[in-house]
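Step one of this worksheet: look at the structure below.
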Amino acid sequence: MRRPLIGFHAITWLYREPFSNVDRWFALLRLLVILGGFIWLGMASIPMPQRVFLLYNFLFFLSYSALLYFFILHFPRHLRTLYLIALLLDLIFLYWLVRYTGGLLSDFILAFFLLIALHSFYFGLRLGLLVVAASSFVYLLAGQFDLSVLPAAQLGLRLTFFLLVAVSMAMLSRKEQSDRTRIEKLNAELERRRFELQTEKEKLTKIIGGIDAGLCLVDRGTHLVWVNNIVESWFGAFERLRGRTCARALWGNDGLCHQCPTVKSFQDGTVAQAELERTTSSGQRKFYRLTSAPIRNEQGEVVNVLELIQDITEEKALQAQLAQSAKLAAIGELASGIAHEINNPLSSIA
């Protein structure tokens, strides 16, 4: 797929990796220089030879800027090298611009401040100081080192501000890089925690799915907040149960269940247990063991209760069978004893 060249698509391309906000500022300033330069040429009252030369200078700036972004968009890995080449060309452009607009008195000295600020922010203090030195030399050279046109104190102040701009922007860049590194570490830690949370969630989902018992989460009003699929298979779909009290939705009671373990967990903050009975729509009696456990917030307050519901109908039936067997065994022992007592006198008579 062919990459876009200069134009709207090239601008949108700058919003992709690896381009940063500084790269976009570089592009925007170059565009503003081109537009502003041609507008200024059209409005400024300058002699025609000077106007023509400055027009060629701005066309030179436009040409190498277009070529610069052609290479940047096609070879983004060499971004820093291309910027350094552009820096040399910018100094040549500024030399002729300042030279033909007043030398040391030129208002375009402001362009040096922008050049120093951007490169100090992008490359750091070391290269920023080199840009200060190069800009100072080009500025003096453009003025043909004619120090008589400008008081020494004023010239020294301008050059000092070159240095101050470089230092301040380099410090700002260092802080921005430090903040960016810290944010990247925080994002990496957040991503790691998110992955761990997702893993734990999947484990919990598997554990809950593997529990052959009903689970309900209720709020302080004993309203159902969440149920698992076992509860839905026993008592109906959650859409029908949602928002209703567990006593009403599960056990058919208008009020609280007798000795409700959930209420006890909310009141005492302890695990409680009770056995409940329910008659299904088909008339079958079902027995359940309900165990409630409190869930606390960061302040230690009980905000929810988790109910574990186990179907103990078969267990109750086995208990009933064992009780019946025990009764029959006791009756058998009693009958055997009576028969033995009866047989003893008869044996002595015989």
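Letters A, B, ... mark the chains of the structure tokens in the order given; residue numbers begin at 1 per chain; ligand numbers begin at 1, in order shown.
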- Message: Using DSSP assignments from the backbone, pull out every residue in region 232-291 of chain A that falls under alpha helix (DSSP H) and give it to me as a list in words.
- Response: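 The residues of region 232-291 of chain A classed as alpha helix (DSSP H) are Glu232, Ser233, Trp234, Phe235, Phe238, Glu239, Arg240, Leu241, Cys246, Ala247, Arg248, Ala249, Leu250, Trp251, Pro261, Thr262, Val263, Lys264, Ser265, Phe266, Gln267 and Asp268 of chain A.
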- Task: Skip Thr279 (chain A) itself and residues of its chain fewer than 6 positions away, then list as a list in words all residues within 10 Å of it, counting only C-alpha atoms.
- Result: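 Listed by chain and then number, they are Trp251, Gly252, Arg285, Lys286 and Phe287 of chain A.
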- Note on the structure: Restricting to only C-alpha atoms, whichever of A:Leu29, A:Gln198, A:Phe112, A:Leu147 is closest to Gly128 (chain A) is A:Phe112
- Message: Nearest residue to Tyr95 (chain A) out of A:Leu125, A:Leu41, A:Val138, A:Leu276, using only C-alpha atoms?
- Response: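 Selected residue with least distance to Tyr95 (chain A): A:Val138.
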- Can you pull out every residue within 10 Å of Ala170 (chain A), counting only C-alpha atoms, but drop anything in the same chain fewer than 2 positions away, and send it as number ranges by chain? A: 116-129, 164-168, 172-176
- Item | Nearest residue to Leu68 (chain A) from the set A:Arg51, A:Arg30, A:His223, A:Arg99 (distances using only C-alpha atoms) |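 When distances to Leu68 (chain A) are compared using only C-alpha atoms, the smallest one comes from A:Arg30.
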